[in-house]
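Content type mmCIF, C-alpha atoms, from the file input_27.cif:
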data_upload
#
loop_
_atom_site.label_atom_id
_atom_site.label_comp_id
_atom_site.auth_asym_id
_atom_site.auth_seq_id
_atom_site.Cartn_x
_atom_site.Cartn_y
_atom_site.Cartn_z
CA MET A 112 -4.10 -5.01 68.56
CA THR A 113 -5.05 -6.71 65.31
CA ASP A 114 -8.29 -8.53 64.58
CA ALA A 115 -6.46 -11.83 64.94
CA GLN A 116 -4.97 -10.92 68.30
CA GLU A 117 -8.26 -9.58 69.64
CA THR A 118 -10.13 -12.63 68.44
CA ALA A 119 -7.56 -14.92 69.99
CA ALA A 120 -7.77 -13.06 73.28
CA ASP A 121 -11.53 -13.57 73.46
CA SER A 122 -11.88 -16.99 75.06
CA SER A 123 -15.52 -17.26 73.96
CA LEU A 124 -14.33 -17.65 70.38
CA ARG A 125 -12.07 -20.61 71.12
CA THR A 126 -12.77 -24.21 71.94
CA THR A 127 -12.88 -24.96 75.64
CA GLY A 128 -9.65 -26.03 77.29
CA GLY A 129 -7.27 -24.13 75.02
CA ALA A 130 -4.77 -21.65 76.42
CA PRO A 131 -4.55 -18.14 74.94
CA PRO A 132 -2.11 -18.03 72.02
CA ASP A 133 1.10 -16.08 72.24
CA ASP A 134 0.74 -13.99 69.07
CA GLY A 135 -2.32 -14.81 67.07
CA GLY A 136 -4.17 -17.98 66.52
CA THR A 137 -2.06 -20.83 67.82
CA SER A 138 -2.38 -21.95 71.43
CA ASP A 139 0.59 -23.04 73.51
CA THR A 140 -0.29 -26.62 72.58
CA GLY A 141 0.29 -25.73 68.93
CA ALA A 142 -3.27 -26.64 67.98
CA PRO A 143 -5.17 -24.25 65.69
CA ILE A 144 -8.12 -22.50 67.30
CA PRO A 145 -11.59 -22.80 65.75
CA LEU A 146 -13.38 -19.49 65.21
CA LEU A 147 -16.91 -19.93 66.49
CA GLU A 148 -18.35 -16.39 66.41
CA PRO A 149 -17.50 -13.02 64.86
CA ARG A 150 -16.07 -10.77 67.55
CA GLU A 151 -18.95 -8.28 67.44
CA GLY A 152 -21.53 -11.01 66.81
CA ILE A 153 -23.45 -11.61 63.60
CA PRO A 154 -24.41 -8.22 62.11
CA PRO A 155 -27.93 -7.69 60.77
CA VAL A 156 -28.34 -8.15 57.02
CA ILE A 157 -28.55 -4.80 55.21
CA ALA A 158 -31.67 -4.93 53.07
CA ASP A 159 -32.98 -1.35 52.72
CA ALA A 160 -31.73 2.00 51.47
CA GLY A 161 -31.50 3.66 54.88
CA ALA A 162 -29.39 0.90 56.40
CA LEU A 163 -27.21 0.85 53.30
CA ASP A 164 -26.58 4.60 53.58
CA ARG A 165 -25.38 4.10 57.15
CA VAL A 166 -23.02 1.32 56.06
CA VAL A 167 -21.63 3.47 53.26
CA ALA A 168 -20.93 6.28 55.71
CA ALA A 169 -19.33 3.94 58.25
CA PHE A 170 -17.03 2.29 55.73
CA ALA A 171 -16.09 5.60 54.14
CA ALA A 172 -15.02 6.78 57.62
CA GLY A 173 -13.10 3.59 58.40
CA SER A 174 -9.36 3.18 58.08
CA GLY A 175 -7.00 0.82 56.32
CA PRO A 176 -7.82 -1.89 53.79
CA VAL A 177 -11.33 -3.32 53.44
CA ALA A 178 -11.96 -7.07 53.36
CA VAL A 179 -14.52 -8.01 50.69
CA ASP A 180 -16.22 -11.29 49.86
CA ALA A 181 -19.31 -12.35 47.93
CA GLU A 182 -21.50 -15.45 48.00
CA ARG A 183 -23.11 -16.79 44.84
CA ALA A 184 -25.65 -19.56 44.25
CA SER A 185 -23.71 -21.60 41.71
CA GLY A 186 -25.48 -24.84 40.94
CA TYR A 187 -28.84 -23.41 42.06
CA ARG A 188 -29.49 -20.21 40.10
CA TYR A 189 -28.83 -19.02 36.57
CA GLY A 190 -25.65 -17.01 36.19
CA GLN A 191 -23.09 -15.94 38.78
CA ARG A 192 -24.78 -13.01 40.49
CA ALA A 193 -23.99 -12.16 44.11
CA TYR A 194 -26.55 -13.04 46.76
CA LEU A 195 -24.60 -11.74 49.76
CA VAL A 196 -21.74 -9.27 50.05
CA GLN A 197 -19.56 -9.21 53.15
CA LEU A 198 -17.19 -6.41 54.14
CA ARG A 199 -15.02 -5.59 57.12
CA ARG A 200 -12.91 -2.53 57.80
CA GLU A 201 -11.17 -1.09 60.82
CA GLY A 202 -13.50 1.41 62.47
CA ALA A 203 -16.57 0.12 60.63
CA GLY A 204 -16.79 -3.50 61.74
CA THR A 205 -18.45 -6.14 59.57
CA ALA A 206 -21.39 -5.61 57.21
CA LEU A 207 -23.53 -8.21 55.47
CA ILE A 208 -25.42 -6.75 52.51
CA ASP A 209 -28.27 -8.35 50.55
CA PRO A 210 -27.65 -7.34 46.91
CA VAL A 211 -31.09 -8.65 45.93
CA ALA A 212 -32.79 -6.07 48.14
CA CYS A 213 -30.03 -3.51 47.46
CA PRO A 214 -29.02 -4.19 43.84
CA ASP A 215 -27.07 -0.95 43.32
CA LEU A 216 -23.97 -0.79 45.51
CA SER A 217 -22.18 1.77 43.35
CA GLY A 218 -22.37 4.28 46.21
CA LEU A 219 -20.47 1.87 48.42
CA GLY A 220 -18.01 1.21 45.63
CA GLU A 221 -17.41 4.94 45.22
CA ALA A 222 -16.96 5.40 48.98
CA LEU A 223 -14.22 2.78 48.89
CA SER A 224 -12.54 4.11 45.73
CA GLY A 225 -8.81 4.35 46.31
CA VAL A 226 -9.00 2.01 49.30
CA GLU A 227 -7.19 -1.31 48.98
CA TRP A 228 -9.69 -4.17 48.77
CA VAL A 229 -8.60 -7.49 50.19
CA LEU A 230 -10.18 -10.48 48.44
CA HIS A 231 -9.44 -14.18 48.32
CA ALA A 232 -9.37 -15.47 44.72
CA ALA A 233 -10.35 -12.04 43.44
CA THR A 234 -11.07 -13.07 39.86
CA GLN A 235 -13.92 -15.28 41.08
CA ASP A 236 -15.74 -12.46 42.89
CA LEU A 237 -14.94 -9.42 40.77
CA PRO A 238 -17.44 -10.19 37.96
CA CYS A 239 -20.44 -10.44 40.32
CA LEU A 240 -19.25 -7.41 42.30
CA ARG A 241 -18.91 -5.42 39.08
CA GLU A 242 -22.55 -6.21 38.24
CA ILE A 243 -23.71 -4.39 41.39
CA GLY A 244 -21.41 -1.40 41.00
CA MET A 245 -18.42 -2.42 43.12
CA VAL A 246 -15.12 -2.16 41.25
CA PRO A 247 -11.82 -1.82 43.14
CA THR A 248 -9.03 0.47 42.00
CA ARG A 249 -6.51 -1.31 44.26
CA LEU A 250 -6.60 -4.83 45.60
CA PHE A 251 -4.67 -7.51 47.45
CA ASP A 252 -5.51 -11.10 46.56
CA THR A 253 -4.67 -13.41 49.46
CA GLU A 254 -5.00 -16.57 47.35
CA LEU A 255 -2.63 -15.29 44.68
CA ALA A 256 -0.27 -14.05 47.40
CA GLY A 257 -0.23 -17.55 48.84
CA ARG A 258 0.60 -19.02 45.44
CA LEU A 259 3.48 -16.61 44.89
CA ALA A 260 4.77 -17.28 48.41
CA GLY A 261 4.82 -21.02 47.73
CA PHE A 262 2.06 -22.25 50.01
CA PRO A 263 0.96 -25.73 48.90
CA ARG A 264 -2.70 -25.16 49.92
CA VAL A 265 -4.18 -21.75 49.14
CA GLY A 266 -7.88 -22.10 49.99
CA LEU A 267 -9.03 -19.50 52.51
CA GLY A 268 -9.49 -22.03 55.30
CA ALA A 269 -6.06 -23.57 54.77
CA MET A 270 -4.38 -20.16 54.58
CA VAL A 271 -6.02 -18.82 57.74
CA GLU A 272 -5.08 -22.00 59.59
CA ASN A 273 -1.49 -22.20 58.33
CA VAL A 274 -0.69 -18.50 58.56
CA LEU A 275 -2.79 -17.27 61.50
CA GLY A 276 -3.52 -20.47 63.39
CA PHE A 277 -7.32 -20.32 63.26
CA VAL A 278 -9.81 -22.79 61.84
CA LEU A 279 -12.67 -21.42 59.75
CA GLU A 280 -15.85 -23.47 59.51
CA LYS A 281 -16.39 -24.13 55.80
CA GLY A 282 -19.53 -26.26 55.82
CA HIS A 283 -21.72 -23.69 54.06
CA SER A 284 -19.58 -22.81 51.05
CA ALA A 285 -21.81 -24.64 48.55
CA VAL A 286 -25.27 -23.84 49.92
CA ASP A 287 -28.02 -22.01 48.03
CA TRP A 288 -27.25 -18.40 48.94
CA SER A 289 -30.39 -17.22 47.13
CA THR A 290 -32.39 -18.62 50.08
CA ARG A 291 -34.36 -15.98 51.96
CA PRO A 292 -34.18 -15.43 54.84
CA LEU A 293 -30.62 -16.66 55.14
CA PRO A 294 -30.22 -19.01 58.14
CA GLU A 295 -28.16 -17.73 61.06
CA PRO A 296 -25.40 -20.39 60.71
CA TRP A 297 -24.86 -19.30 57.11
CA LEU A 298 -24.60 -15.65 58.15
CA ARG A 299 -22.11 -16.58 60.88
CA TYR A 300 -20.01 -18.42 58.29
CA ALA A 301 -20.21 -15.43 55.91
CA ALA A 302 -19.14 -12.94 58.58
CA LEU A 303 -16.21 -15.12 59.65
CA ASP A 304 -14.96 -15.24 56.06
CA VAL A 305 -13.94 -11.57 56.32
CA GLU A 306 -13.11 -11.55 60.03
CA LEU A 307 -9.39 -12.16 59.58
CA LEU A 308 -8.88 -11.40 55.89
CA VAL A 309 -6.95 -8.18 56.52
CA ASP A 310 -4.76 -9.95 59.11
CA LEU A 311 -4.04 -12.64 56.52
CA ARG A 312 -3.14 -9.93 54.03
CA ASP A 313 -0.72 -8.31 56.49
CA ALA A 314 0.99 -11.61 57.30
CA LEU A 315 1.31 -12.53 53.62
CA GLU A 316 2.71 -9.11 52.77
CA LYS A 317 5.48 -9.67 55.34
CA GLU A 318 6.20 -13.15 53.97
CA LEU A 319 6.31 -11.94 50.38
CA ASP A 320 8.63 -9.12 51.42
CA ARG A 321 10.87 -11.61 53.24
CA GLN A 322 11.09 -13.72 50.08
CA GLY A 323 11.77 -10.71 47.86
CA LYS A 324 8.48 -11.24 46.00
CA LEU A 325 6.35 -8.35 47.25
CA GLU A 326 6.89 -6.20 44.16
CA TRP A 327 5.97 -9.20 42.00
CA ALA A 328 2.70 -9.59 43.89
CA LEU A 329 1.88 -5.90 43.63
CA GLN A 330 2.32 -6.07 39.85
CA GLU A 331 -0.04 -9.06 39.72
CA PHE A 332 -2.64 -7.28 41.84
CA ASP A 333 -2.44 -4.17 39.64
CA ALA A 334 -2.95 -6.34 36.56
CA ILE A 335 -6.11 -7.88 38.05
CA ALA A 336 -7.52 -4.52 39.15
CA SER A 337 -6.89 -2.90 35.76
CA ALA A 338 -8.04 -5.80 33.59
CA PRO A 339 -11.17 -5.09 31.51
CA PRO A 340 -14.21 -7.35 31.88
CA PRO A 341 -13.68 -10.59 29.97
CA GLU A 342 -15.20 -10.91 26.54
CA PRO A 343 -18.27 -13.17 26.29
CA ARG A 344 -17.20 -16.74 25.60
CA LYS A 345 -17.60 -17.79 21.98
CA ASP A 346 -19.66 -20.95 21.46
CA PRO A 347 -20.15 -21.65 25.17
CA TRP A 348 -22.04 -24.83 24.28
CA ARG A 349 -18.72 -26.40 23.36
CA ARG A 350 -17.87 -26.53 27.08
CA THR A 351 -20.59 -29.13 27.69
CA SER A 352 -19.11 -31.85 29.88
CA GLY A 353 -18.46 -35.01 27.86
CA MET A 354 -17.99 -33.23 24.52
CA HIS A 355 -14.93 -35.34 23.80
CA LYS A 356 -17.31 -38.21 22.99
CA VAL A 357 -19.06 -36.21 20.26
CA ARG A 358 -17.29 -36.75 16.94
CA ARG A 359 -19.66 -35.97 14.07
CA ARG A 360 -20.84 -32.53 12.99
CA ARG A 361 -24.52 -33.54 13.09
CA GLN A 362 -24.05 -34.65 16.68
CA LEU A 363 -22.37 -31.34 17.48
CA ALA A 364 -25.45 -29.59 16.11
CA VAL A 365 -27.64 -31.58 18.54
CA VAL A 366 -25.45 -30.49 21.44
CA ARG A 367 -25.70 -26.87 20.31
CA GLU A 368 -29.51 -26.94 19.89
CA LEU A 369 -30.14 -28.70 23.20
CA TRP A 370 -27.68 -26.44 25.05
CA GLN A 371 -29.31 -23.29 23.67
CA ALA A 372 -32.83 -24.54 24.43
CA ARG A 373 -31.77 -25.43 27.96
CA ASP A 374 -30.11 -22.04 28.44
CA ARG A 375 -33.27 -20.17 27.42
CA ILE A 376 -35.35 -22.20 29.88
CA ALA A 377 -32.81 -21.84 32.69
CA ARG A 378 -32.58 -18.09 32.18
CA ARG A 379 -36.37 -17.72 32.20
CA ARG A 380 -36.77 -19.84 35.33
CA ASP A 381 -33.61 -18.46 37.03
CA VAL A 382 -32.25 -21.89 37.80
CA SER A 383 -28.92 -23.55 37.11
CA PRO A 384 -28.92 -25.05 33.60
CA GLY A 385 -27.78 -28.36 35.04
CA LYS A 386 -31.03 -28.58 37.00
CA VAL A 387 -33.02 -28.19 33.77
CA LEU A 388 -31.13 -30.87 31.84
CA PRO A 389 -27.80 -32.49 32.78
CA ASP A 390 -24.84 -32.23 30.42
CA ALA A 391 -24.71 -36.03 30.32
CA ALA A 392 -28.24 -36.13 28.90
CA ILE A 393 -27.33 -33.64 26.17
CA VAL A 394 -24.36 -35.75 25.12
CA GLU A 395 -26.45 -38.92 25.27
CA ALA A 396 -29.02 -37.44 22.90
CA ALA A 397 -26.31 -36.17 20.55
CA LEU A 398 -24.75 -39.60 20.27
CA ALA A 399 -28.09 -41.38 19.78
CA LEU A 400 -29.75 -38.86 17.42
CA PRO A 401 -33.26 -40.03 18.48
CA SER A 402 -35.88 -39.73 15.76
CA ASN A 403 -38.91 -39.36 18.05
CA VAL A 404 -40.03 -38.70 21.62
CA HIS A 405 -40.29 -42.41 22.39
CA ALA A 406 -36.65 -42.99 21.44
CA LEU A 407 -35.58 -39.90 23.40
CA ALA A 408 -37.43 -41.05 26.54
CA ALA A 409 -35.42 -44.29 26.51
CA LEU A 410 -32.13 -42.41 26.92
CA ASN A 411 -30.40 -41.73 30.23
CA GLY A 412 -31.41 -38.32 31.57
CA PHE A 413 -34.81 -38.35 29.85
CA GLY A 414 -36.49 -40.91 32.10
CA HIS A 415 -39.87 -41.22 33.76
CA ARG A 416 -39.58 -37.91 35.62
CA THR A 417 -39.51 -35.98 32.35
CA GLY A 418 -43.02 -34.94 31.33
CA ARG A 419 -44.40 -35.30 27.83
CA ARG A 420 -44.25 -31.56 27.18
CA GLN A 421 -40.60 -31.40 28.24
CA LEU A 422 -39.73 -34.39 26.09
CA GLU A 423 -41.38 -32.71 23.11
CA GLN A 424 -39.36 -29.52 23.55
CA TRP A 425 -36.09 -31.50 23.77
CA GLN A 426 -37.06 -33.60 20.75
CA ALA A 427 -37.87 -30.41 18.85
CA ALA A 428 -34.29 -29.24 19.49
CA VAL A 429 -32.95 -32.58 18.23
CA ASP A 430 -35.17 -32.34 15.16
CA ARG A 431 -33.87 -28.85 14.36
CA ALA A 432 -30.33 -30.20 14.39
CA ARG A 433 -31.30 -33.20 12.27
CA ALA A 434 -32.89 -30.91 9.66
CA LEU A 435 -29.93 -28.53 9.24
CA PRO A 436 -28.19 -28.55 5.86
CA GLU A 437 -24.54 -29.63 5.89
CA SER A 438 -23.40 -26.07 5.33
CA GLU A 439 -24.91 -24.94 8.66
CA LEU A 440 -23.50 -27.71 10.82
CA PRO A 441 -20.87 -26.59 13.36
CA GLN A 442 -17.28 -27.39 12.59
CA GLN A 443 -15.25 -29.85 14.59
CA GLY A 444 -13.34 -27.79 17.14
CA GLN A 445 -13.37 -24.05 17.58
CA GLN A 446 -11.55 -21.66 15.32
CA VAL A 447 -8.51 -20.76 17.38
CA THR A 448 -5.89 -18.08 16.97
CA GLY A 449 -2.29 -18.77 17.72
CA PRO A 450 -0.49 -22.10 17.72
CA PRO A 451 -2.23 -25.46 17.36
CA PRO A 452 -2.66 -27.80 20.35
CA PRO A 453 0.78 -28.97 21.56
CA ARG A 454 -0.08 -32.63 20.90
CA ALA A 455 -0.04 -31.82 17.17
CA TRP A 456 3.33 -30.07 17.19
CA ALA A 457 5.49 -33.15 16.68
CA ASP A 458 3.82 -33.75 13.33
CA LYS A 459 3.36 -30.16 12.22
CA ASP A 460 6.68 -28.69 13.35
CA PRO A 461 9.15 -31.01 15.14
CA ALA A 462 11.54 -28.13 15.80
CA ALA A 463 8.81 -26.16 17.58
CA ALA A 464 7.92 -29.26 19.59
CA ALA A 465 11.55 -29.56 20.70
CA ARG A 466 11.60 -25.88 21.67
CA LEU A 467 8.44 -26.30 23.72
CA THR A 468 9.85 -29.31 25.56
CA ALA A 469 13.00 -27.39 26.44
CA ALA A 470 11.08 -24.26 27.42
CA ARG A 471 8.71 -26.17 29.67
CA ALA A 472 11.62 -27.85 31.42
CA ALA A 473 13.31 -24.49 31.96
CA VAL A 474 10.17 -22.88 33.37
CA SER A 475 9.54 -25.88 35.61
CA ALA A 476 13.06 -25.74 37.04
CA LEU A 477 12.84 -21.98 37.65
CA ALA A 478 9.41 -22.29 39.28
CA GLU A 479 10.78 -24.94 41.61
CA ARG A 480 13.69 -22.69 42.59
CA LEU A 481 11.29 -19.81 43.24
CA THR A 482 8.78 -22.08 45.03
CA MET A 483 5.72 -21.08 43.06
CA PRO A 484 3.40 -22.73 40.51
CA GLN A 485 4.61 -22.59 36.92
CA GLU A 486 1.40 -20.95 35.70
CA ASN A 487 1.96 -18.03 38.09
CA LEU A 488 5.54 -17.63 36.96
CA VAL A 489 4.52 -17.26 33.32
CA SER A 490 1.38 -17.99 31.32
CA PRO A 491 1.59 -21.40 29.59
CA ASP A 492 -0.09 -19.79 26.57
CA ALA A 493 2.70 -17.20 26.37
CA VAL A 494 5.30 -19.97 26.40
CA ARG A 495 3.48 -21.86 23.65
CA ARG A 496 3.19 -18.78 21.45
CA LEU A 497 6.85 -17.94 21.97
CA CYS A 498 7.97 -21.46 21.06
CA TRP A 499 5.72 -21.67 18.00
CA GLU A 500 6.98 -18.39 16.54
CA PRO A 501 10.22 -17.40 18.31
CA PRO A 502 11.93 -14.07 17.58
CA ARG A 503 14.27 -14.02 14.59
CA VAL A 504 17.17 -13.21 16.93
CA ILE A 505 16.89 -15.08 20.20
CA ASP A 506 18.28 -13.29 23.24
CA PRO A 507 16.81 -12.22 26.61
CA GLU A 508 15.76 -8.84 25.20
CA SER A 509 13.83 -10.20 22.21
CA VAL A 510 12.28 -12.99 24.28
CA GLY A 511 11.32 -10.48 26.94
CA ALA A 512 9.69 -8.21 24.37
CA ALA A 513 7.71 -11.15 23.01
CA LEU A 514 6.55 -12.17 26.50
CA ALA A 515 5.51 -8.61 27.28
CA GLY A 516 3.49 -8.59 24.08
CA PHE A 517 1.69 -11.70 25.34
CA GLY A 518 0.77 -9.92 28.59
CA ALA A 519 3.62 -10.93 30.89
CA ARG A 520 4.28 -8.51 33.74
CA PRO A 521 7.73 -6.89 34.11
CA TRP A 522 8.74 -9.16 37.00
CA GLN A 523 7.86 -12.23 34.93
CA VAL A 524 9.88 -10.97 31.98
CA GLU A 525 12.86 -10.30 34.24
CA GLN A 526 12.77 -13.79 35.74
CA VAL A 527 11.77 -15.89 32.76
CA ALA A 528 13.26 -14.27 29.65
CA PRO A 529 16.88 -15.31 30.30
CA VAL A 530 16.08 -19.00 30.95
CA LEU A 531 13.68 -19.17 28.01
CA ALA A 532 16.25 -17.57 25.73
CA ASP A 533 18.76 -20.23 26.79
CA ALA A 534 16.18 -22.97 26.26
CA LEU A 535 15.30 -21.73 22.78
CA ARG A 536 18.98 -21.59 21.85
CA GLY A 537 19.43 -25.15 23.05
CA LYS A 538 21.54 -24.29 26.10
CA GLY A 539 19.22 -26.08 28.55
CA ALA A 540 17.50 -24.75 31.65
#
The structure in this file should be written as structure tokens.
Amino acid sequence: MTDAQETAADSSLRTTGGAPPDDGGTSDTGAPIPLLEPREGIPPVIADAGALDRVVAAFAAGSGPVAVDAERASGYRYGQRAYLVQLRREGAGTALIDPVACPDLSGLGEALSGVEWVLHAATQDLPCLREIGMVPTRLFDTELAGRLAGFPRVGLGAMVENVLGFVLEKGHSAVDWSTRPLPEPWLRYAALDVELLVDLRDALEKELDRQGKLEWALQEFDAIASAPPPEPRKDPWRRTSGMHKVRRRRQLAVVRELWQARDRIARRRDVSPGKVLPDAAIVEAALALPSNVHALAALNGFGHRTGRRQLEQWQAAVDRARALPESELPQQGQQVTGPPPPRAWADKDPAAAARLTAARAAVSALAERLTMPQENLVSPDAVRRLCWEPPRVIDPESVGAALAGFGARPWQVEQVAPVLADALRGKGA
């Protein structure tokens, strides 16, 4: 009996008045069943070496895939570190691990080497898991599987409800997971997040196989598991919300100085940068270029709650930007490799703009036939690069080779290359 079937059979985990479901989470009334408790109850939080050793041994001895999830404190703490790690495996049950108390989980990662890890939206959790020594060699991403299978809503709650017929309580997804001790309702929520993840994986595998897309999904999962850690973002200050309002290079310098000052303070205090100084305040100061603390204090975001010392440190950042020589001011826009933004194509290269329009239409039509999002069928960046500099001889083979060079997986090349070749030759989608 699967986790889903056992959970469904336990009437204590369902709302009162519902009849047992026939094969999983849907009752004979057709209503989804709320999950109220993990089947074995809320496990204790693992927060010492001895308890961690026992968990490692139990999960190493378990069978089948392992469900993995991590909770971060985005919006509260600096960075994206994990503050709780949840796992579930057949024969081992569920474990909740405190990676603050147990910061090195490489032993657990090694014990699960070669085991398939089941994650939802894997690329969100893999960076923080990698920091604590947990790196999968094989994985199954239930969110990506849902996208490839054509589900319109691919959040974990929606997938569990639509596929398995259970309702997950999602009220604690945005709480401060750095809180210690973690409240019991939060731990219940965290344990339930991995309760049915393997069942969801099994159901999605069957659906992908039915649609003839299972091999496609496996190629995508392999690409995620084998991808190197992303390179540090260049000029991260350029991602400040509201940057589109900042036009002049001197103003850009103010954004850069304030962003960097804020980042140093946030890192030192281990708080979210937005709690130190909002993006809107940075942009406001850049547009106004205040010449003194009094002028700065009059701006939105630098009001009466900002102390004199804080105002002086922000004004010092503004002053540094104001004093820079022209040669050291940041340029408008980042230096980019590859084609220019598509909005500029009509002026720079009308023929390329026409190719891009045709290619986008072809990809859109194919994605609709395959019932999946266009961006999962082929990377929009790969399509842009192909249209900006197409092969000298345009046929499915040359287009496929170009797409592969841009990182497309074999299944994507097989599906997309013929329709893109037709589009580039003006034959339509």
With distances taken over all atoms listed in the file, which residue among A:Arg420, A:Arg188, A:Arg375, A:Arg520 lies nearest Trp288 of chain A? A:Arg188
Convert the output of the PyMOL selection byres ((chain A and resi 161-167) around 10) on the shown file into explicit residues, formatted as a list in words. Pro155, Val156, Ile157, Ala158, Asp159, Ala160, Ala168, Ala169, Phe170, Ala171, Ala172, Gly173, Leu198, Ala203, Gly204, Thr205, Ala206, Leu207, Ile208, Asp209, Cys213, Leu216, Gly218, Leu219, Gly220, Glu221, Ala222 and Leu223 of chain A
Just write the chosen residues, C-alpha atoms, as a PDB file, in the frame of the given file.
ATOM      1  CA  PRO A 155     -27.930  -7.690  60.770  1.00  0.00           C
ATOM      2  CA  VAL A 156     -28.340  -8.150  57.020  1.00  0.00           C
ATOM      3  CA  ILE A 157     -28.550  -4.800  55.210  1.00  0.00           C
ATOM      4  CA  ALA A 158     -31.670  -4.930  53.070  1.00  0.00           C
ATOM      5  CA  ASP A 159     -32.980  -1.350  52.720  1.00  0.00           C
ATOM      6  CA  ALA A 160     -31.730   2.000  51.470  1.00  0.00           C
ATOM      7  CA  ALA A 168     -20.930   6.280  55.710  1.00  0.00           C
ATOM      8  CA  ALA A 169     -19.330   3.940  58.250  1.00  0.00           C
ATOM      9  CA  PHE A 170     -17.030   2.290  55.730  1.00  0.00           C
ATOM     10  CA  ALA A 171     -16.090   5.600  54.140  1.00  0.00           C
ATOM     11  CA  ALA A 172     -15.020   6.780  57.620  1.00  0.00           C
ATOM     12  CA  GLY A 173     -13.100   3.590  58.400  1.00  0.00           C
ATOM     13  CA  LEU A 198     -17.190  -6.410  54.140  1.00  0.00           C
ATOM     14  CA  ALA A 203     -16.570   0.120  60.630  1.00  0.00           C
ATOM     15  CA  GLY A 204     -16.790  -3.500  61.740  1.00  0.00           C
ATOM     16  CA  THR A 205     -18.450  -6.140  59.570  1.00  0.00           C
ATOM     17  CA  ALA A 206     -21.390  -5.610  57.210  1.00  0.00           C
ATOM     18  CA  LEU A 207     -23.530  -8.210  55.470  1.00  0.00           C
ATOM     19  CA  ILE A 208     -25.420  -6.750  52.510  1.00  0.00           C
ATOM     20  CA  ASP A 209     -28.270  -8.350  50.550  1.00  0.00           C
ATOM     21  CA  CYS A 213     -30.030  -3.510  47.460  1.00  0.00           C
ATOM     22  CA  LEU A 216     -23.970  -0.790  45.510  1.00  0.00           C
ATOM     23  CA  GLY A 218     -22.370   4.280  46.210  1.00  0.00           C
ATOM     24  CA  LEU A 219     -20.470   1.870  48.420  1.00  0.00           C
ATOM     25  CA  GLY A 220     -18.010   1.210  45.630  1.00  0.00           C
ATOM     26  CA  GLU A 221     -17.410   4.940  45.220  1.00  0.00           C
ATOM     27  CA  ALA A 222     -16.960   5.400  48.980  1.00  0.00           C
ATOM     28  CA  LEU A 223     -14.220   2.780  48.890  1.00  0.00           C
TER      29      LEU A 223
END
I would like the residues chosen by the PyMOL selection byres ((chain A and resi 535) around 8) on the shown file; could you give them as a VMD selection string? chain A and resid 466 469 to 470 498 505 531 to 534 536 to 538
Selection result for the PyMOL selection byres ((chain A and resi 190) around 12) on this file, as number ranges by chain: A: 183-189, 191-194, 238-239, 242, 289, 374, 377-385
With C-alpha atoms retained, export the selected residues as a PDB file, in the frame of the given file.
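The result, written out as out.pdb:
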ATOM      1  CA  ARG A 183     -23.110 -16.790  44.840  1.00  0.00           C
ATOM      2  CA  ALA A 184     -25.650 -19.560  44.250  1.00  0.00           C
ATOM      3  CA  SER A 185     -23.710 -21.600  41.710  1.00  0.00           C
ATOM      4  CA  GLY A 186     -25.480 -24.840  40.940  1.00  0.00           C
ATOM      5  CA  TYR A 187     -28.840 -23.410  42.060  1.00  0.00           C
ATOM      6  CA  ARG A 188     -29.490 -20.210  40.100  1.00  0.00           C
ATOM      7  CA  TYR A 189     -28.830 -19.020  36.570  1.00  0.00           C
ATOM      8  CA  GLN A 191     -23.090 -15.940  38.780  1.00  0.00           C
ATOM      9  CA  ARG A 192     -24.780 -13.010  40.490  1.00  0.00           C
ATOM     10  CA  ALA A 193     -23.990 -12.160  44.110  1.00  0.00           C
ATOM     11  CA  TYR A 194     -26.550 -13.040  46.760  1.00  0.00           C
ATOM     12  CA  PRO A 238     -17.440 -10.190  37.960  1.00  0.00           C
ATOM     13  CA  CYS A 239     -20.440 -10.440  40.320  1.00  0.00           C
ATOM     14  CA  GLU A 242     -22.550  -6.210  38.240  1.00  0.00           C
ATOM     15  CA  SER A 289     -30.390 -17.220  47.130  1.00  0.00           C
ATOM     16  CA  ASP A 374     -30.110 -22.040  28.440  1.00  0.00           C
ATOM     17  CA  ALA A 377     -32.810 -21.840  32.690  1.00  0.00           C
ATOM     18  CA  ARG A 378     -32.580 -18.090  32.180  1.00  0.00           C
ATOM     19  CA  ARG A 379     -36.370 -17.720  32.200  1.00  0.00           C
ATOM     20  CA  ARG A 380     -36.770 -19.840  35.330  1.00  0.00           C
ATOM     21  CA  ASP A 381     -33.610 -18.460  37.030  1.00  0.00           C
ATOM     22  CA  VAL A 382     -32.250 -21.890  37.800  1.00  0.00           C
ATOM     23  CA  SER A 383     -28.920 -23.550  37.110  1.00  0.00           C
ATOM     24  CA  PRO A 384     -28.920 -25.050  33.600  1.00  0.00           C
ATOM     25  CA  GLY A 385     -27.780 -28.360  35.040  1.00  0.00           C
TER      26      GLY A 385
END
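Here atom CA of Pro247 of chain A and atom CA of Glu227 of chain A stand 7.5 Å from one another.
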Atom-to-atom span, atom CA of Ala512 of chain A and atom CA of Glu326 of chain A, Å: 20.1 Å
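Distance-wise, atom CA of Glu368 of chain A and atom CA of Ala428 of chain A end up 5.3 Å apart.
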Each segment 406-517 of chain A residue no farther than 7 Å from segment 256-273 of chain A, nearest pair in Å, only C-alpha atoms, as CSV:
residue,atom,partner,partner_atom,distance
A:Thr482,CA,A:Gly261,CA,4.9
A:Met483,CA,A:Gly261,CA,4.8
A:Pro484,CA,A:Arg258,CA,6.8
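Every residue within 9 Å of the file position (-29.1, -28.9, 23.8), judged by only C-alpha atoms, is given as Trp348, Ala364, Val365, Val366, Arg367, Glu368, Leu369, Trp370, Gln371, Ala372, Arg373, Asp374, Leu388, Asp390, Ala392, Ile393, Val394, Ala396, Ala397, Trp425, Ala428 and Val429 of chain A.
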